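Visitor: Sharing a structure below in structure tokens format, with a few things to ask.
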Amino acid sequence: MSYHTITLNNFRNLVEQKLEFSPFINIIDGKNGSGKSSLIESLYYLSVGKSFRSSKLDSIVEHNASGFTLFSVTEDDNRHQHRIGITREKNKTALIKIDGDFIRSAIQLASITPTLVIEPETFELLDGGPNNRRRYMDWGVFHVEHRFSEAWRRYTKSLKQRNTLLRRGRIDRSLLAPWDVQMVTTATMIDTYRNNYVISLVPVINDILKSLNQTMDVDISYYRGWDKKTDYKTILDDSIERDIRSGFSHQGPHRADIRIKVNGRFADEVLSRGQKKILIFAMILAQGAFLNRLSGRKSVYLIDDISAELDIEHRRNVCSYLEKLESQVILTVVDVDSVLPLFQNDTDIRMFHVEHGKVSHVN
Ligand SMILES: Nc1ncnc2c1ncn2[C@@H]1O[C@H](COP(=O)(O)OP(=O)(O)OP(=O)(O)O)[C@@H](O)[C@H]1O
């Protein structure tokens, strides 16, 4: 898919904006604080109904406005156009429309717009907590395994009910039983989907690292959230006293994680910042490549501050990989000359310049 046009109103410092994108490479340049990340953030918001920077609505709505509006015309892989609109007023829930109809869950939005983002906080994938890595893994599982979101919805609902009961302290164990049954069924499904995804993704990451001229050999070990030798029913039964004392369920898919090794050593411990960035590029690009291989679908790549941490050689490798994808790439840079000469002359590149929240198309 690709974003054809977007119209923004009062999204951070972007007061009123209408832009038409290239289905291939789009370069957005501007000084620090001009509004480049806000533009990337607005596109991400259009793809999943939330921000990657803040969950606080007040920080997203333009300071003097009461709400924001985003509207896009997107083209799917069959070249059908869809109209997506999101309106969010302060103190109200977001209203999302696809092709004129209100949708109840942002899941519908996410499923039609596979969008991958690389922004400064994506570094947390290696160095941060397991939440980031679960989000990474689940982006892929969500798009390649259509039963995942329903299994996850049922699992988290049962987990919430179980935790509510646990917090009551002295409880009738029979009350927990139906939630435990539901958790066991759905946890097993989630575990299988995640495990299959990680196993399939690793060779794709290694292929991409090779095309980026890297000598890294990546291996990912997947932790399912409970001991791999014990079934989940036994885990829930055995940990009940501890769970009651703490008021929450200690183990399960909500505690899953992945550990990333490069050439046999943990990536977060041995790689330089530039090497980490390349690895993260490869990990994210692999998700789009794998989805494409499996279903023919094309993702949109949003890349905020592509040049940071990368020397010219790495930038050249990344840019030529992005060019070969023939997918929509929307990237930001402080200095356009740091990337523009790295693309071929015949690629459909559209350039935009941002200044004080005003985005203009550059010929
Ligand atoms: N809700 C808001 N209303 C108005 N302005 C805002 C809001 N939130 C952030 N800003 C301002 O918008 C400007 C643009 O921020 P943004 O992060 O998009 O800049 P940027 O071009 O990506 O900068 P950098 O290159 O430093 O990352 C900043 O000056 C920021 O303070």
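As shown in the structure tokens, the chain order sets the letters A, B, ...; within each chain, residues go from 1, and ligands are also counted from 1 in the order they appear.
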Could you pull out the strand (DSSP E or B) residues of segment 48-168 of chain A, going by DSSP on the backbone, and write them as a PyMOL selection string?

Guide: chain A and resi 61+67-75+81-89+95-98+101-102+115-118

Visitor: Please find the residues contacting ligand 1 at a distance of at most 9 Å between atoms, with only C-alpha atoms and all ligand atoms counted, and report them as a PyMOL selection string.

Guide: chain A and resi 10-15+29-41+57-65+120+304-305+332-334+354-357

Visitor: What would the file look like if the residues just selected were written as an mmCIF file, in the first residue's frame with N, CA and C atoms?

Guide:
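This went into result.cif:
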data_model
loop_
_atom_site.group_PDB
_atom_site.id
_atom_site.type_symbol
_atom_site.label_atom_id
_atom_site.label_comp_id
_atom_site.auth_asym_id
_atom_site.auth_seq_id
_atom_site.Cartn_x
_atom_site.Cartn_y
_atom_site.Cartn_z
ATOM 1 N N ASN A 10 -3.973 20.694 12.722
ATOM 2 C CA ASN A 10 -3.653 20.831 14.150
ATOM 3 C C ASN A 10 -3.008 19.603 14.769
ATOM 4 N N PHE A 11 -2.166 18.951 14.009
ATOM 5 C CA PHE A 11 -1.387 17.835 14.555
ATOM 6 C C PHE A 11 -0.020 18.399 14.934
ATOM 7 N N ARG A 12 0.255 18.485 16.230
ATOM 8 C CA ARG A 12 1.460 19.159 16.770
ATOM 9 C C ARG A 12 1.616 20.543 16.121
ATOM 10 N N ASN A 13 2.803 20.850 15.523
ATOM 11 C CA ASN A 13 2.947 22.202 14.974
ATOM 12 C C ASN A 13 2.496 22.284 13.507
ATOM 13 N N LEU A 14 1.900 21.175 12.990
ATOM 14 C CA LEU A 14 1.422 21.188 11.600
ATOM 15 C C LEU A 14 -0.040 21.629 11.606
ATOM 16 N N VAL A 15 -0.249 22.925 11.389
ATOM 17 C CA VAL A 15 -1.587 23.493 11.584
ATOM 18 C C VAL A 15 -2.526 23.101 10.451
ATOM 19 N N ASP A 29 13.027 17.247 4.404
ATOM 20 C CA ASP A 29 14.147 17.845 5.130
ATOM 21 C C ASP A 29 13.689 19.100 5.863
ATOM 22 N N GLY A 30 14.469 19.493 6.838
ATOM 23 C CA GLY A 30 14.144 20.693 7.616
ATOM 24 C C GLY A 30 15.045 20.741 8.835
ATOM 25 N N LYS A 31 15.127 21.959 9.395
ATOM 26 C CA LYS A 31 15.999 22.129 10.569
ATOM 27 C C LYS A 31 15.410 21.418 11.785
ATOM 28 N N ASN A 32 16.206 21.320 12.845
ATOM 29 C CA ASN A 32 15.709 20.754 14.110
ATOM 30 C C ASN A 32 14.483 21.559 14.563
ATOM 31 N N GLY A 33 13.480 20.847 15.005
ATOM 32 C CA GLY A 33 12.291 21.515 15.540
ATOM 33 C C GLY A 33 11.346 22.061 14.480
ATOM 34 N N SER A 34 11.561 21.752 13.203
ATOM 35 C CA SER A 34 10.696 22.319 12.151
ATOM 36 C C SER A 34 9.361 21.577 12.038
ATOM 37 N N GLY A 35 9.362 20.257 12.297
ATOM 38 C CA GLY A 35 8.102 19.494 12.207
ATOM 39 C C GLY A 35 8.228 18.191 11.438
ATOM 40 N N LYS A 36 9.449 17.742 11.177
ATOM 41 C CA LYS A 36 9.657 16.507 10.383
ATOM 42 C C LYS A 36 9.117 15.271 11.119
ATOM 43 N N SER A 37 9.504 15.150 12.398
ATOM 44 C CA SER A 37 9.047 13.964 13.153
ATOM 45 C C SER A 37 7.533 13.999 13.323
ATOM 46 N N SER A 38 6.980 15.210 13.442
ATOM 47 C CA SER A 38 5.522 15.315 13.605
ATOM 48 C C SER A 38 4.824 14.776 12.364
ATOM 49 N N LEU A 39 5.401 15.016 11.204
ATOM 50 C CA LEU A 39 4.813 14.504 9.962
ATOM 51 C C LEU A 39 4.866 12.972 9.924
ATOM 52 N N ILE A 40 6.013 12.425 10.311
ATOM 53 C CA ILE A 40 6.156 10.957 10.364
ATOM 54 C C ILE A 40 5.157 10.379 11.384
ATOM 55 N N GLU A 41 5.059 11.086 12.522
ATOM 56 C CA GLU A 41 4.150 10.637 13.588
ATOM 57 C C GLU A 41 2.691 10.644 13.096
ATOM 58 N N LEU A 57 -2.876 12.916 24.690
ATOM 59 C CA LEU A 57 -3.483 13.633 23.575
ATOM 60 C C LEU A 57 -3.092 15.105 23.585
ATOM 61 N N ASP A 58 -3.022 15.697 24.808
ATOM 62 C CA ASP A 58 -2.710 17.122 24.906
ATOM 63 C C ASP A 58 -1.392 17.477 24.250
ATOM 64 N N SER A 59 -0.437 16.530 24.248
ATOM 65 C CA SER A 59 0.853 16.871 23.652
ATOM 66 C C SER A 59 0.817 16.741 22.128
ATOM 67 N N ILE A 60 -0.190 16.051 21.603
ATOM 68 C CA ILE A 60 -0.254 15.847 20.150
ATOM 69 C C ILE A 60 -1.071 16.953 19.470
ATOM 70 N N VAL A 61 -2.159 17.363 20.129
ATOM 71 C CA VAL A 61 -3.002 18.411 19.536
ATOM 72 C C VAL A 61 -2.241 19.734 19.567
ATOM 73 N N GLU A 62 -2.330 20.489 18.501
ATOM 74 C CA GLU A 62 -1.649 21.781 18.422
ATOM 75 C C GLU A 62 -2.060 22.629 19.645
ATOM 76 N N HIS A 63 -1.054 23.303 20.247
ATOM 77 C CA HIS A 63 -1.276 23.946 21.549
ATOM 78 C C HIS A 63 -2.553 24.799 21.627
ATOM 79 N N ASN A 64 -2.897 25.513 20.542
ATOM 80 C CA ASN A 64 -4.053 26.425 20.602
ATOM 81 C C ASN A 64 -5.343 25.817 20.060
ATOM 82 N N ALA A 65 -5.302 24.522 19.728
ATOM 83 C CA ALA A 65 -6.488 23.915 19.103
ATOM 84 C C ALA A 65 -7.199 22.978 20.077
ATOM 85 N N PRO A 120 14.032 7.440 16.407
ATOM 86 C CA PRO A 120 15.080 7.295 17.422
ATOM 87 C C PRO A 120 14.764 6.278 18.514
ATOM 88 N N ASP A 304 12.507 8.136 10.464
ATOM 89 C CA ASP A 304 12.769 9.472 10.992
ATOM 90 C C ASP A 304 14.258 9.616 11.276
ATOM 91 N N ASP A 305 14.863 10.608 10.686
ATOM 92 C CA ASP A 305 16.267 10.914 10.906
ATOM 93 C C ASP A 305 17.174 9.777 10.420
ATOM 94 N N THR A 332 13.023 11.254 6.804
ATOM 95 C CA THR A 332 13.391 12.635 7.138
ATOM 96 C C THR A 332 14.899 12.750 7.318
ATOM 97 N N VAL A 333 15.395 13.939 6.999
ATOM 98 C CA VAL A 333 16.809 14.257 7.217
ATOM 99 C C VAL A 333 16.929 15.730 7.585
ATOM 100 N N VAL A 334 17.995 16.059 8.289
ATOM 101 C CA VAL A 334 18.243 17.471 8.576
ATOM 102 C C VAL A 334 18.863 18.104 7.325
ATOM 103 N N VAL A 354 10.430 21.345 5.302
ATOM 104 C CA VAL A 354 9.584 21.789 6.423
ATOM 105 C C VAL A 354 10.252 22.968 7.118
ATOM 106 N N GLU A 355 9.436 23.979 7.349
ATOM 107 C CA GLU A 355 9.941 25.155 8.074
ATOM 108 C C GLU A 355 8.831 25.660 8.978
ATOM 109 N N HIS A 356 9.097 25.732 10.271
ATOM 110 C CA HIS A 356 8.100 26.201 11.261
ATOM 111 C C HIS A 356 6.727 25.582 11.044
ATOM 112 N N GLY A 357 6.673 24.298 10.822
ATOM 113 C CA GLY A 357 5.384 23.614 10.691
ATOM 114 C C GLY A 357 4.712 23.758 9.340
#

Visitor: Taking into account only C-alpha atoms, which residue in the set A:Gly100, A:Gly128, A:Pro23, A:Pro253 is nearest to Tyr222 of chain A?

Guide: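 Closest residue, counting only C-alpha atoms: A:Pro253.
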
Visitor: Give me the residues near Arg147 of chain A as a list in words, where near means some atom within 12 Å (using only C-alpha atoms) and where sequence neighbours in that chain fewer than 2 positions away do not count.

Guide: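 Here the answer would be Val141, Phe142, His143, Val144, Glu145, Ser149, Glu150, Ala151, Trp152, Arg153, Arg154, Thr186, Met189, Ile190, Thr192, Tyr193 and Arg194 of chain A.
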
Visitor: Which residues, written as a ChimeraX atom specification, have at least one atom at most 8 Å from Val204 of chain A, with only C-alpha atoms counted and residues fewer than 5 positions away on the same chain left out?

Guide: /A:286,289-290

Visitor: Residues as selected, C-alpha atoms, written as a PDB file, in the first residue's frame, can you do that?

Guide:
ATOM      1  CA  ALA A 286      12.962  -7.962   7.255  1.00  0.00           C
ATOM      2  CA  ALA A 289      10.203  -8.323   3.242  1.00  0.00           C
ATOM      3  CA  PHE A 290       8.766 -11.365   5.007  1.00  0.00           C
TER       4      PHE A 290
END
